[in-house]
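my_file.cif (mmCIF, C-alpha atoms and all ligand atoms) appears below.
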```cif
data_coords
#
loop_
_atom_site.label_atom_id
_atom_site.label_comp_id
_atom_site.auth_asym_id
_atom_site.auth_seq_id
_atom_site.Cartn_x
_atom_site.Cartn_y
_atom_site.Cartn_z
CA MET A 1 96.45 129.93 -95.74
CA SER A 2 93.82 128.94 -93.18
CA LEU A 3 90.72 127.11 -94.31
CA SER A 4 87.16 127.86 -93.28
CA ALA A 5 85.08 125.25 -91.50
CA THR A 6 83.24 124.42 -94.74
CA GLU A 7 86.53 123.48 -96.43
CA LEU A 8 87.30 120.86 -93.82
CA ASP A 9 85.55 117.68 -92.80
CA ALA A 10 85.84 115.73 -89.56
CA THR A 11 89.30 114.48 -90.55
CA GLY A 12 90.45 118.08 -90.93
CA ALA A 13 91.46 117.54 -94.54
CA GLU A 14 90.24 119.22 -97.70
CA VAL A 15 88.05 117.33 -100.14
CA ARG A 16 90.07 117.07 -103.35
CA VAL A 17 88.04 116.66 -106.52
CA LEU A 18 90.08 115.72 -109.58
CA CYS A 19 88.40 117.30 -112.61
CA ILE A 20 89.73 115.94 -115.92
CA ALA A 21 88.99 117.84 -119.15
CA GLY A 22 89.17 115.24 -121.91
CA SER A 23 88.75 117.21 -125.12
CA PRO A 24 91.61 118.00 -127.49
CA ARG A 25 89.80 121.32 -128.15
CA ARG A 26 90.80 123.84 -125.46
CA GLY A 27 87.95 125.95 -124.09
CA GLY A 28 85.31 123.90 -125.91
CA ASN A 29 81.91 122.74 -124.76
CA SER A 30 82.92 119.89 -122.47
CA GLU A 31 85.60 122.01 -120.78
CA ARG A 32 83.05 124.79 -120.19
CA LEU A 33 80.70 122.22 -118.67
CA LEU A 34 83.55 121.07 -116.43
CA ASP A 35 84.29 124.67 -115.43
CA ALA A 36 80.69 124.98 -114.22
CA PHE A 37 81.19 121.77 -112.21
CA VAL A 38 84.42 123.24 -110.76
CA ARG A 39 82.51 126.35 -109.65
CA GLY A 40 80.13 124.07 -107.75
CA VAL A 41 83.03 122.26 -106.10
CA ASN A 42 84.50 125.57 -104.98
CA ASN A 43 81.12 126.83 -103.75
CA ALA A 44 80.84 123.78 -101.50
CA GLY A 45 84.30 124.36 -100.04
CA GLY A 46 86.04 121.57 -101.96
CA LEU A 47 89.41 121.79 -103.67
CA ALA A 48 88.98 121.30 -107.44
CA GLU A 49 92.15 120.09 -109.15
CA LYS A 50 91.49 120.59 -112.86
CA ILE A 51 93.74 119.11 -115.51
CA VAL A 52 93.44 119.40 -119.28
CA VAL A 53 94.50 116.06 -120.70
CA VAL A 54 95.70 117.34 -124.06
CA ASP A 55 98.31 119.51 -122.29
CA TYR A 56 99.88 116.41 -120.69
CA ARG A 57 100.69 114.72 -124.04
CA ILE A 58 100.02 111.26 -122.61
CA ALA A 59 101.52 108.45 -124.67
CA PRO A 60 99.42 105.37 -125.44
CA CYS A 61 99.72 102.19 -123.38
CA ARG A 62 102.27 99.87 -125.04
CA GLY A 63 100.64 96.69 -123.80
CA CYS A 64 104.05 95.55 -122.48
CA ASN A 65 102.52 94.26 -119.22
CA SER A 66 105.44 95.62 -117.17
CA CYS A 67 102.82 96.90 -114.74
CA SER A 68 101.85 93.30 -114.01
CA ASP A 69 105.44 92.66 -112.87
CA THR A 70 106.08 95.89 -110.99
CA GLY A 71 102.72 97.56 -110.37
CA THR A 72 103.89 100.70 -112.14
CA CYS A 73 104.10 102.00 -115.70
CA ILE A 74 107.47 102.11 -117.45
CA VAL A 75 106.45 104.83 -119.92
CA LYS A 76 108.12 108.04 -118.75
CA ASP A 77 105.81 110.97 -119.33
CA ARG A 78 103.44 113.29 -117.51
CA MET A 79 100.96 110.48 -116.82
CA HIS A 80 102.98 109.98 -113.65
CA GLU A 81 101.75 113.39 -112.45
CA VAL A 82 98.21 112.23 -113.17
CA TYR A 83 98.76 109.01 -111.17
CA GLY A 84 99.61 111.18 -108.16
CA LEU A 85 96.46 113.24 -108.60
CA ILE A 86 94.32 110.11 -109.01
CA ASP A 87 95.79 108.59 -105.86
CA SER A 88 95.12 111.64 -103.70
CA ALA A 89 91.63 112.43 -105.07
CA ASP A 90 88.50 112.08 -102.94
CA ALA A 91 86.38 112.22 -106.12
CA ILE A 92 87.14 112.01 -109.84
CA VAL A 93 85.01 113.59 -112.57
CA ILE A 94 85.81 113.53 -116.26
CA SER A 95 84.39 115.75 -118.98
CA SER A 96 84.51 114.59 -122.57
CA PRO A 97 83.10 115.24 -126.01
CA VAL A 98 81.61 112.29 -127.87
CA TYR A 99 83.94 111.24 -130.69
CA PHE A 100 82.54 108.47 -132.91
CA ALA A 101 80.33 107.30 -130.05
CA THR A 102 83.19 107.11 -127.56
CA VAL A 103 85.87 109.37 -126.03
CA PRO A 104 88.66 111.15 -127.97
CA ALA A 105 92.07 109.52 -128.35
CA VAL A 106 93.80 111.92 -125.92
CA LEU A 107 91.45 110.82 -123.14
CA LYS A 108 91.48 107.16 -124.16
CA ALA A 109 95.28 107.25 -123.80
CA LEU A 110 94.84 108.32 -120.17
CA TYR A 111 92.28 105.55 -119.64
CA ASP A 112 94.55 102.87 -121.10
CA ARG A 113 97.45 104.07 -118.97
CA CYS A 114 95.34 103.20 -115.92
CA GLN A 115 96.23 99.56 -116.58
CA PRO A 116 98.63 99.54 -113.56
CA TYR A 117 95.58 99.97 -111.28
CA TRP A 118 93.97 96.94 -112.93
CA ALA A 119 97.21 94.91 -112.71
CA ARG A 120 97.66 95.69 -109.01
CA ILE A 121 94.19 94.36 -108.20
CA TYR A 122 93.72 91.48 -110.62
CA VAL A 123 97.29 90.24 -111.24
CA ARG A 124 99.20 91.26 -108.13
CA GLY A 125 96.39 90.77 -105.60
CA GLU A 126 96.92 94.18 -104.00
CA ALA A 127 94.21 96.09 -102.13
CA ARG A 128 91.67 98.05 -104.12
CA PRO A 129 91.78 101.86 -103.85
CA PRO A 130 89.25 103.30 -101.35
CA LYS A 131 85.78 103.89 -102.78
CA ARG A 132 85.06 107.46 -103.82
CA PRO A 133 82.40 109.12 -105.97
CA GLY A 134 82.77 110.40 -109.52
CA GLY A 135 81.53 110.12 -113.06
CA LEU A 136 81.25 111.70 -116.47
CA LEU A 137 80.08 114.96 -118.04
CA LEU A 138 79.52 114.30 -121.73
CA VAL A 139 78.80 116.60 -124.68
CA GLY A 140 77.90 115.40 -128.17
CA GLY A 141 76.91 117.39 -131.22
CA GLY A 142 74.12 114.87 -131.72
CA GLY A 143 72.66 113.21 -134.79
CA ASP A 144 74.91 110.17 -134.71
CA PRO A 145 72.75 107.02 -134.89
CA PHE A 146 75.18 105.16 -132.61
CA GLY A 147 74.65 107.50 -129.63
CA ALA A 148 77.17 107.84 -126.80
CA SER A 149 76.82 104.57 -124.92
CA CYS A 150 80.40 103.49 -125.73
CA ALA A 151 81.78 106.67 -124.11
CA VAL A 152 79.76 105.91 -120.98
CA THR A 153 80.68 102.20 -120.86
CA THR A 154 84.38 102.83 -121.47
CA THR A 155 84.48 105.50 -118.76
CA LYS A 156 82.62 103.28 -116.29
CA SER A 157 85.13 100.50 -116.96
CA VAL A 158 88.16 102.60 -116.07
CA LEU A 159 86.52 104.39 -113.14
CA ALA A 160 85.57 101.03 -111.61
CA VAL A 161 89.25 100.03 -111.57
CA LEU A 162 90.08 103.32 -109.84
CA GLY A 163 87.52 102.60 -107.10
CA VAL A 164 85.23 105.35 -108.35
CA GLN A 165 81.52 104.77 -107.82
CA TYR A 166 79.71 106.12 -110.89
CA GLU A 167 77.37 108.63 -109.27
CA VAL A 168 77.79 111.67 -111.51
CA GLU A 169 76.40 111.59 -115.04
CA LEU A 170 75.36 114.47 -117.25
CA GLU A 171 74.90 113.91 -120.96
CA VAL A 172 74.31 116.96 -123.17
CA GLU A 173 73.31 116.54 -126.80
CA GLY A 174 73.38 119.39 -129.31
CA PRO A 175 76.30 121.77 -128.65
CA ASP A 176 78.76 121.46 -131.52
CA ALA A 177 80.70 124.65 -132.31
CA ALA A 178 82.99 125.70 -129.44
CA GLY A 179 80.96 127.79 -126.99
CA ASP A 180 77.52 126.55 -128.12
CA ILE A 181 77.00 125.24 -124.61
CA ASP A 182 76.92 128.79 -123.25
CA ASP A 183 73.32 128.94 -124.58
CA ARG A 184 72.40 126.05 -122.27
CA ALA A 185 72.13 127.79 -118.90
CA ASP A 186 70.09 124.82 -117.64
CA VAL A 187 72.85 122.27 -118.09
CA LEU A 188 75.57 124.63 -116.86
CA LYS A 189 73.55 125.15 -113.68
CA ARG A 190 73.02 121.41 -113.35
CA ALA A 191 76.77 120.82 -113.68
CA GLU A 192 77.45 123.46 -111.02
CA ASP A 193 74.96 121.81 -108.66
CA MET A 194 76.59 118.43 -109.34
CA GLY A 195 79.96 119.88 -108.36
CA SER A 196 78.60 120.92 -104.97
CA GLU A 197 76.77 117.59 -104.51
CA THR A 198 79.98 115.69 -105.30
CA VAL A 199 81.84 117.45 -102.47
CA VAL A 200 79.10 116.41 -100.05
CA LYS A 201 79.21 112.82 -101.33
CA ALA A 202 83.01 112.72 -101.18
CA ARG A 203 82.91 113.79 -97.52
CA GLU A 204 80.41 111.00 -96.80
CA TYR A 205 82.56 108.40 -98.57
CA ARG A 206 85.66 109.53 -96.74
CA SER A 207 84.02 109.23 -93.36
CA ARG A 208 82.85 105.69 -94.28
CA GLU A 209 85.99 104.42 -96.01
CA ARG A 210 88.83 105.82 -93.92
C1 LIG B 1 86.31 113.55 -134.62
C2 LIG B 1 84.94 113.94 -134.11
C3 LIG B 1 83.99 112.96 -133.93
C4 LIG B 1 82.74 113.28 -133.42
N1 LIG B 1 81.82 112.29 -133.22
C5 LIG B 1 80.63 112.58 -132.66
C6 LIG B 1 79.69 111.55 -132.38
O1 LIG B 1 79.93 110.36 -132.62
N2 LIG B 1 78.51 111.88 -131.80
C7 LIG B 1 78.20 113.19 -131.50
O2 LIG B 1 77.13 113.44 -130.94
N3 LIG B 1 79.07 114.22 -131.77
C8 LIG B 1 80.27 113.93 -132.34
N4 LIG B 1 81.18 114.94 -132.58
C9 LIG B 1 80.84 116.34 -132.20
C10 LIG B 1 81.40 116.73 -130.83
O3 LIG B 1 81.01 115.82 -129.84
C11 LIG B 1 80.89 118.13 -130.47
O4 LIG B 1 81.40 119.08 -131.39
C12 LIG B 1 81.23 118.55 -129.06
O5 LIG B 1 80.56 119.74 -128.75
C13 LIG B 1 82.73 118.79 -128.90
O6 LIG B 1 83.03 119.08 -127.57
P1 LIG B 1 84.31 119.96 -127.20
O7 LIG B 1 84.03 121.37 -127.66
O8 LIG B 1 84.42 119.83 -125.74
O9 LIG B 1 85.48 119.35 -127.91
C14 LIG B 1 82.43 114.64 -133.11
C15 LIG B 1 83.41 115.65 -133.32
C16 LIG B 1 84.64 115.30 -133.81
C17 LIG B 1 85.69 116.39 -134.02
#
```
Could you rewrite the structure in this file as structure tokens?
Amino acid sequence: MSLSATELDATGAEVRVLCIAGSPRRGGNSERLLDAFVRGVNNAGGLAEKIVVVDYRIAPCRGCNSCSDTGTCIVKDRMHEVYGLIDSADAIVISSPVYFATVPAVLKALYDRCQPYWARIYVRGEARPPKRPGGLLLVGGGGDPFGASCAVTTTKSVLAVLGVQYEVELEVEGPDAAGDIDDRADVLKRAEDMGSETVVKAREYRSRER
């Protein structure tokens, strides 16, 4: 398959945007928001690589600290496919519902399994991953007095370890039943625009960093 000029940058490579759907509810509000973002990535000639975390059945981090010794995780599951996608991504964007002010357990398991990236930098003294843009698309039903700041802080913490500069943030409050977000054409459009903007930013980062 040949690629059009808009799908390539000066290095001749595609811009790969890893799009992580973090909800345990398939086809729910945060995944629909991510799908709008994916459309924007495609419109700008990027390559969106969407994964749905719940399908990967990622086991929790065991806290064994093997990754401090070896730089890799000893737990044998599909997180190793995700590591490959993280490593080759030019941008990383996560969509998540708010669960008790933070992210759901299926997504938190992925976050915790990013400990090898932390260990490589802070224990093993290895080079940081190249800087790249990314961020969080968040949907909460609303009404919780504790807000969503923990979801944002937790996501920023893991993205920082992955070398992701937190440049994408869209927080939607209100949609609750699956599909409610379809009534919010404004935020779906905003997510689509952000997808296109992220491809442009990723190209800029790549020309600076590599
Ligand atoms: C276990 C659970 C906890 C939740 N906690 C919150 C919360 O703290 N704040 C909030 O605004 N909404 C909360 N919600 C509502 C979801 O964020 C809301 O339904 C959202 O639209 C779900 O997104 P999804 O369809 O992508 O899964 C919670 C829902 C569940 C199932």
Subject >> Separation of CA of Ala109 (chain A) from CA of Asn65 (chain A) in Å >> reply: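 We find that CA of Asn65 (chain A) and CA of Ala109 (chain A) lie 15.6 Å from each other.
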Subject >> Between CA of Glu204 (chain A) and CA of Ala91 (chain A) - distance in Å to one decimal >> reply: 11.1 Å
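The space separating CA of Glu171 (chain A) from atom C7 of ligand LIG 1 (chain B) comes to 11.1 Å.
Minimum atom-to-atom distance to Gly63 (chain A), evaluated using only C-alpha atoms, belongs to A:Arg113 out of A:Arg124, A:Arg25, A:Arg113, A:Arg206.
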**OP:** Compare A:Glu173, A:Glu126, A:Asp55, A:Asp112 by their minimum atom-to-atom distance to Gly142 (chain A), counting all atoms listed in the file, and give me the closest one.
**Re:** A:Glu173
**OP:** Select the residues contacting ligand LIG 1 (chain B) at a distance of at most 12 Å, based on all atoms listed in the file, then format the selection as a ChimeraX atom specification.
**Re:** /A:20-35,52-54,94-107,137-151,171-182
Original post:
Pick from A:Val38, A:Cys114, A:Ile92, A:Leu85: nearest to Ile58 (chain A), with only C-alpha atoms counted?
Top reply: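 Of A:Val38, A:Cys114, A:Ile92, A:Leu85, the one nearest Ile58 (chain A) is A:Cys114, counting only C-alpha atoms.
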**OP:** Considering all atoms listed in the file, state which residue in the set A:Ala89, A:Pro116, A:Glu209, A:Leu47 is at the smallest distance from Val75 (chain A).
**Re:** A:Pro116
Subject >> Near-Asn43 (chain A) list (9 Å; all atoms listed in the file; drop same-chain fewer than 5 positions) as a list in words >> reply: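 Here the answer would be Val38, Glu192, Gly195 and Ser196 of chain A.
With distances taken over all atoms listed in the file, A:Tyr122 is the one residue among A:Tyr122, A:Phe37, A:Tyr56, A:Tyr111 lying closest to Ser68 (chain A).
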